[in-house]
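A.B. asks: File run-v7.cif below, mmCIF, C-alpha atoms:
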```cif
data_query
#
loop_
_atom_site.label_atom_id
_atom_site.label_comp_id
_atom_site.auth_asym_id
_atom_site.auth_seq_id
_atom_site.Cartn_x
_atom_site.Cartn_y
_atom_site.Cartn_z
CA ALA A 1 127.19 97.25 114.19
CA ASP A 2 128.34 95.94 110.78
CA ALA A 3 124.80 96.12 109.36
CA LYS A 4 124.30 99.67 110.62
CA ALA A 5 127.66 100.64 109.06
CA GLY A 6 126.92 98.72 105.85
CA VAL A 7 130.14 96.70 106.00
CA ASN A 8 131.21 93.04 105.84
CA GLY A 9 128.38 92.05 103.51
CA LEU A 10 125.56 93.32 105.74
CA LYS A 11 123.18 96.24 105.49
CA ALA A 12 120.48 97.40 107.89
CA VAL A 13 116.91 97.32 106.58
CA PRO A 14 113.68 98.60 108.12
CA ILE A 15 111.64 96.08 110.11
CA SER A 16 108.80 96.65 107.65
CA ASP A 17 111.08 95.26 104.91
CA ALA A 18 112.20 92.14 106.83
CA LYS A 19 112.14 89.01 104.70
CA PRO A 20 113.29 85.39 104.94
CA GLY A 21 117.03 85.06 105.43
CA ASP A 22 117.46 88.38 107.21
CA ILE A 23 119.28 88.33 110.54
CA VAL A 24 117.65 89.99 113.54
CA ALA A 25 119.58 91.21 116.57
CA TRP A 26 117.53 91.61 119.76
CA ASP A 27 118.01 93.68 122.86
CA PHE A 28 118.43 90.53 124.93
CA GLN A 29 121.73 89.76 123.15
CA HIS A 30 120.42 87.14 120.77
CA ILE A 31 120.14 86.77 117.01
CA ASN A 32 117.86 84.73 114.79
CA LEU A 33 116.72 84.38 111.20
CA VAL A 34 113.51 85.72 109.69
CA VAL A 35 111.42 82.95 108.07
CA LYS A 36 108.44 84.97 106.77
CA PRO A 37 108.14 88.52 105.45
CA TYR A 38 106.99 91.02 108.09
CA ASP A 39 103.18 91.14 108.06
CA GLY A 40 102.57 94.34 110.03
CA SER A 41 101.39 92.45 113.15
CA GLY A 42 104.11 93.76 115.46
CA TYR A 43 105.86 90.38 115.48
CA LEU A 44 108.46 88.68 113.29
CA ASP A 45 108.32 84.97 112.51
CA CYS A 46 111.82 83.63 113.09
CA VAL A 47 113.86 80.56 113.84
CA ASP A 48 116.11 80.82 116.88
CA GLY A 49 119.05 78.72 117.94
CA ASN A 50 120.14 78.20 121.53
CA THR A 51 116.70 79.04 122.89
CA SER A 52 113.86 77.30 124.76
CA PRO A 53 110.59 76.11 123.23
CA ASP A 54 108.44 78.49 125.32
CA ASP A 55 108.73 81.77 127.20
CA GLY A 56 109.29 79.95 130.50
CA GLY A 57 112.84 78.93 129.62
CA SER A 58 115.94 80.84 128.64
CA GLN A 59 115.51 82.79 125.43
CA SER A 60 119.25 83.27 124.91
CA ASN A 61 120.75 80.07 126.31
CA GLY A 62 118.14 77.33 126.05
CA GLY A 63 120.02 74.72 124.04
CA GLY A 64 117.46 74.15 121.26
CA VAL A 65 116.37 75.43 117.85
CA PHE A 66 112.74 76.54 117.69
CA ALA A 67 110.31 78.59 115.64
CA LYS A 68 109.53 81.83 117.47
CA ARG A 69 107.25 84.81 116.98
CA ARG A 70 109.23 87.76 118.35
CA TYR A 71 107.98 91.23 119.29
CA ILE A 72 109.45 93.94 117.04
CA GLY A 73 109.84 96.33 119.97
CA ASP A 74 112.84 94.23 121.05
CA VAL A 75 114.64 94.56 117.68
CA LEU A 76 117.99 96.33 117.63
CA VAL A 77 118.58 95.84 113.89
CA VAL A 78 117.43 93.77 110.93
CA ALA A 79 120.51 92.88 108.91
CA ARG A 80 120.39 91.75 105.29
CA PRO A 81 123.32 89.64 104.11
CA SER A 82 124.58 90.27 100.59
CA TYR A 83 123.76 86.72 99.44
#
```
What would the structure in this file look like if it were written as structure tokens?

C.D. replies:
Amino acid sequence: ADAKAGVNGLKAVPISDAKPGDIVAWDFQHINLVVKPYDGSGYLDCVDGNTSPDDGGSQSNGGGVFAKRRYIGDVLVVARPSY
């Protein structure tokens, strides 16, 4: 909500402009960090905390930190911090 409102040091950016350090909020109530610029593939390369290493485990309460390739159709917002 803060990114969409442009407050508290966050601003929403288009998925096509996603770059390393951006925060992504997903429709399954999870956030992660972008690690590579969006490449047009339909997926974002991210690092997720509190997730499982594969799709068989919990994606929002898995207890680990893993590299993930996430489908952009699940994105609620890409938030860019002011740093």

A.B. asks: Looking at A:Ala25, A:Ser58, A:Leu10, A:Ala18, which one is nearest to Val77 (chain A), with distances taken over all atoms listed in the file?

C.D. replies: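 Closest residue, counting all atoms listed in the file: A:Ala25.
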
A.B. asks: I'd like the neighbourhood of region 1-4 of chain A as a list in words, where a residue qualifies if any of its atoms comes within 12 Å (using only C-alpha atoms), though same-chain residues fewer than 3 positions away should be ignored.

C.D. replies: Val7, Asn8, Gly9, Leu10, Lys11, Ala12, Val13, Pro14, Asp22, Ile23, Val24, Ala25, Leu76, Val77, Val78, Ala79, Arg80, Pro81 and Ser82 of chain A

A.B. asks: Between A:Arg69, A:Tyr83, A:Ser16, A:Ala5, single out the one closest to Asp39 (chain A), counting only C-alpha atoms.

C.D. replies: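 Ranking A:Arg69, A:Tyr83, A:Ser16, A:Ala5 by distance to Asp39 (chain A), first place goes to A:Ser16.
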
A.B. asks: Measuring between only C-alpha atoms, which one of A:Gly6, A:Tyr71, A:Asp55, A:Gly63 shows the shortest distance to Gly42 (chain A)?

C.D. replies: A:Tyr71

A.B. asks: Can you measure CA of Pro37 (chain A) to CA of Asn61 (chain A) for me? One decimal in Å is fine.

C.D. replies: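 Rounded to one decimal, the two atoms are 25.8 Å apart.
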
A.B. asks: Return as a list of chain:residue names the set of residues that the PyMOL selection byres ((chain A and resi 30) around 12) yields on the displayed structure.

C.D. replies: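 Expected selection for the PyMOL selection byres ((chain A and resi 30) around 12) here is A:Ile23, A:Val24, A:Ala25, A:Trp26, A:Asp27, A:Phe28, A:Gln29, A:Ile31, A:Asn32, A:Leu33, A:Val47, A:Asp48, A:Gly49, A:Asn50, A:Thr51, A:Ser58, A:Gln59, A:Ser60, A:Asn61, A:Gly62, A:Arg70, A:Asp74, A:Val75, A:Leu76, A:Val77.
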
A.B. asks: Step by step: locate region 1-46 of chain A in the block above, keep N, CA and C atoms, then write the file as an mmCIF file, in the first residue's frame.

C.D. replies:
```
data_model
loop_
_atom_site.group_PDB
_atom_site.id
_atom_site.type_symbol
_atom_site.label_atom_id
_atom_site.label_comp_id
_atom_site.auth_asym_id
_atom_site.auth_seq_id
_atom_site.Cartn_x
_atom_site.Cartn_y
_atom_site.Cartn_z
ATOM 1 N N ALA A 1 0.821 -1.186 0.000
ATOM 2 C CA ALA A 1 0.000 0.000 0.000
ATOM 3 C C ALA A 1 0.871 1.258 0.000
ATOM 4 N N ASP A 2 1.988 1.225 0.763
ATOM 5 C CA ASP A 2 2.867 2.397 0.807
ATOM 6 C C ASP A 2 3.475 2.683 -0.558
ATOM 7 N N ALA A 3 3.897 1.648 -1.270
ATOM 8 C CA ALA A 3 4.485 1.846 -2.599
ATOM 9 C C ALA A 3 3.461 2.431 -3.564
ATOM 10 N N LYS A 4 2.256 1.909 -3.537
ATOM 11 C CA LYS A 4 1.211 2.417 -4.430
ATOM 12 C C LYS A 4 0.862 3.867 -4.111
ATOM 13 N N ALA A 5 0.985 4.252 -2.823
ATOM 14 C CA ALA A 5 0.700 5.625 -2.410
ATOM 15 C C ALA A 5 1.933 6.526 -2.532
ATOM 16 N N GLY A 6 3.107 5.922 -2.751
ATOM 17 C CA GLY A 6 4.334 6.701 -2.862
ATOM 18 C C GLY A 6 4.775 7.326 -1.551
ATOM 19 N N VAL A 7 4.576 6.608 -0.448
ATOM 20 C CA VAL A 7 4.945 7.134 0.867
ATOM 21 C C VAL A 7 5.941 6.212 1.569
ATOM 22 N N ASN A 8 6.525 6.737 2.653
ATOM 23 C CA ASN A 8 7.464 5.977 3.488
ATOM 24 C C ASN A 8 8.663 5.432 2.716
ATOM 25 N N GLY A 9 9.136 6.212 1.761
ATOM 26 C CA GLY A 9 10.349 5.852 1.027
ATOM 27 C C GLY A 9 10.163 4.795 -0.038
ATOM 28 N N LEU A 10 8.936 4.502 -0.429
ATOM 29 C CA LEU A 10 8.668 3.500 -1.458
ATOM 30 C C LEU A 10 7.870 4.117 -2.598
ATOM 31 N N LYS A 11 8.104 3.598 -3.800
ATOM 32 C CA LYS A 11 7.260 3.968 -4.933
ATOM 33 C C LYS A 11 7.040 2.729 -5.779
ATOM 34 N N ALA A 12 5.853 2.613 -6.337
ATOM 35 C CA ALA A 12 5.523 1.492 -7.212
ATOM 36 C C ALA A 12 6.162 1.727 -8.579
ATOM 37 N N VAL A 13 6.711 0.651 -9.155
ATOM 38 C CA VAL A 13 7.274 0.718 -10.507
ATOM 39 C C VAL A 13 6.678 -0.408 -11.337
ATOM 40 N N PRO A 14 6.638 -0.246 -12.645
ATOM 41 C CA PRO A 14 6.122 -1.320 -13.501
ATOM 42 C C PRO A 14 7.003 -2.567 -13.409
ATOM 43 N N ILE A 15 6.405 -3.728 -13.564
ATOM 44 C CA ILE A 15 7.171 -4.973 -13.561
ATOM 45 C C ILE A 15 8.286 -4.915 -14.595
ATOM 46 N N SER A 16 8.004 -4.320 -15.735
ATOM 47 C CA SER A 16 9.003 -4.247 -16.807
ATOM 48 C C SER A 16 10.234 -3.446 -16.399
ATOM 49 N N ASP A 17 10.127 -2.652 -15.328
ATOM 50 C CA ASP A 17 11.231 -1.829 -14.839
ATOM 51 C C ASP A 17 11.887 -2.421 -13.589
ATOM 52 N N ALA A 18 11.454 -3.613 -13.162
ATOM 53 C CA ALA A 18 12.007 -4.227 -11.957
ATOM 54 C C ALA A 18 13.510 -4.415 -12.090
ATOM 55 N N LYS A 19 14.219 -4.075 -11.000
ATOM 56 C CA LYS A 19 15.677 -4.217 -11.002
ATOM 57 C C LYS A 19 16.139 -4.676 -9.629
ATOM 58 N N PRO A 20 17.401 -5.125 -9.521
ATOM 59 C CA PRO A 20 17.895 -5.617 -8.237
ATOM 60 C C PRO A 20 17.666 -4.623 -7.097
ATOM 61 N N GLY A 21 17.211 -5.167 -5.976
ATOM 62 C CA GLY A 21 16.930 -4.360 -4.795
ATOM 63 C C GLY A 21 15.473 -3.979 -4.641
ATOM 64 N N ASP A 22 14.695 -4.111 -5.720
ATOM 65 C CA ASP A 22 13.265 -3.833 -5.612
ATOM 66 C C ASP A 22 12.593 -4.916 -4.776
ATOM 67 N N ILE A 23 11.521 -4.526 -4.113
ATOM 68 C CA ILE A 23 10.738 -5.439 -3.278
ATOM 69 C C ILE A 23 9.494 -5.834 -4.061
ATOM 70 N N VAL A 24 9.179 -7.115 -4.055
ATOM 71 C CA VAL A 24 7.993 -7.598 -4.765
ATOM 72 C C VAL A 24 7.007 -8.179 -3.755
ATOM 73 N N ALA A 25 5.760 -7.731 -3.822
ATOM 74 C CA ALA A 25 4.696 -8.304 -3.008
ATOM 75 C C ALA A 25 3.858 -9.207 -3.912
ATOM 76 N N TRP A 26 3.558 -10.400 -3.409
ATOM 77 C CA TRP A 26 2.855 -11.420 -4.194
ATOM 78 C C TRP A 26 1.463 -11.648 -3.650
ATOM 79 N N ASP A 27 0.614 -12.215 -4.491
ATOM 80 C CA ASP A 27 -0.762 -12.460 -4.071
ATOM 81 C C ASP A 27 -0.888 -13.569 -3.041
ATOM 82 N N PHE A 28 0.188 -14.290 -2.766
ATOM 83 C CA PHE A 28 0.118 -15.311 -1.721
ATOM 84 C C PHE A 28 0.728 -14.789 -0.414
ATOM 85 N N GLN A 29 0.635 -13.482 -0.202
ATOM 86 C CA GLN A 29 1.034 -12.806 1.028
ATOM 87 C C GLN A 29 2.484 -13.073 1.385
ATOM 88 N N HIS A 30 3.358 -12.738 0.453
ATOM 89 C CA HIS A 30 4.779 -12.968 0.625
ATOM 90 C C HIS A 30 5.517 -11.847 -0.091
ATOM 91 N N ILE A 31 6.696 -11.492 0.392
ATOM 92 C CA ILE A 31 7.527 -10.527 -0.311
ATOM 93 C C ILE A 31 8.901 -11.134 -0.552
ATOM 94 N N ASN A 32 9.608 -10.584 -1.522
ATOM 95 C CA ASN A 32 10.983 -10.983 -1.774
ATOM 96 C C ASN A 32 11.719 -9.852 -2.463
ATOM 97 N N LEU A 33 12.983 -10.074 -2.758
ATOM 98 C CA LEU A 33 13.812 -9.063 -3.402
ATOM 99 C C LEU A 33 14.195 -9.499 -4.804
ATOM 100 N N VAL A 34 14.128 -8.576 -5.734
ATOM 101 C CA VAL A 34 14.561 -8.828 -7.109
ATOM 102 C C VAL A 34 16.086 -8.887 -7.127
ATOM 103 N N VAL A 35 16.660 -9.868 -7.844
ATOM 104 C CA VAL A 35 18.115 -9.990 -7.930
ATOM 105 C C VAL A 35 18.663 -9.749 -9.332
ATOM 106 N N LYS A 36 17.783 -9.741 -10.341
ATOM 107 C CA LYS A 36 18.180 -9.463 -11.724
ATOM 108 C C LYS A 36 17.120 -8.580 -12.370
ATOM 109 N N PRO A 37 17.517 -7.710 -13.277
ATOM 110 C CA PRO A 37 16.506 -6.909 -13.987
ATOM 111 C C PRO A 37 15.520 -7.830 -14.706
ATOM 112 N N TYR A 38 14.277 -7.378 -14.833
ATOM 113 C CA TYR A 38 13.266 -8.169 -15.546
ATOM 114 C C TYR A 38 13.694 -8.351 -16.992
ATOM 115 N N ASP A 39 13.613 -9.582 -17.485
ATOM 116 C CA ASP A 39 14.104 -9.903 -18.831
ATOM 117 C C ASP A 39 13.002 -10.143 -19.857
ATOM 118 N N GLY A 40 11.749 -9.896 -19.492
ATOM 119 C CA GLY A 40 10.645 -10.078 -20.424
ATOM 120 C C GLY A 40 10.138 -11.510 -20.530
ATOM 121 N N SER A 41 10.657 -12.420 -19.721
ATOM 122 C CA SER A 41 10.309 -13.837 -19.801
ATOM 123 C C SER A 41 8.983 -14.201 -19.144
ATOM 124 N N GLY A 42 8.428 -13.277 -18.355
ATOM 125 C CA GLY A 42 7.228 -13.603 -17.592
ATOM 126 C C GLY A 42 7.551 -14.042 -16.174
ATOM 127 N N TYR A 43 8.836 -14.039 -15.824
ATOM 128 C CA TYR A 43 9.273 -14.435 -14.487
ATOM 129 C C TYR A 43 10.292 -13.434 -13.958
ATOM 130 N N LEU A 44 10.298 -13.255 -12.639
ATOM 131 C CA LEU A 44 11.293 -12.421 -11.974
ATOM 132 C C LEU A 44 12.243 -13.315 -11.185
ATOM 133 N N ASP A 45 13.530 -13.029 -11.302
ATOM 134 C CA ASP A 45 14.532 -13.730 -10.499
ATOM 135 C C ASP A 45 14.644 -12.997 -9.169
ATOM 136 N N CYS A 46 14.394 -13.745 -8.088
ATOM 137 C CA CYS A 46 14.312 -13.139 -6.756
ATOM 138 C C CYS A 46 15.038 -13.997 -5.738
#
```
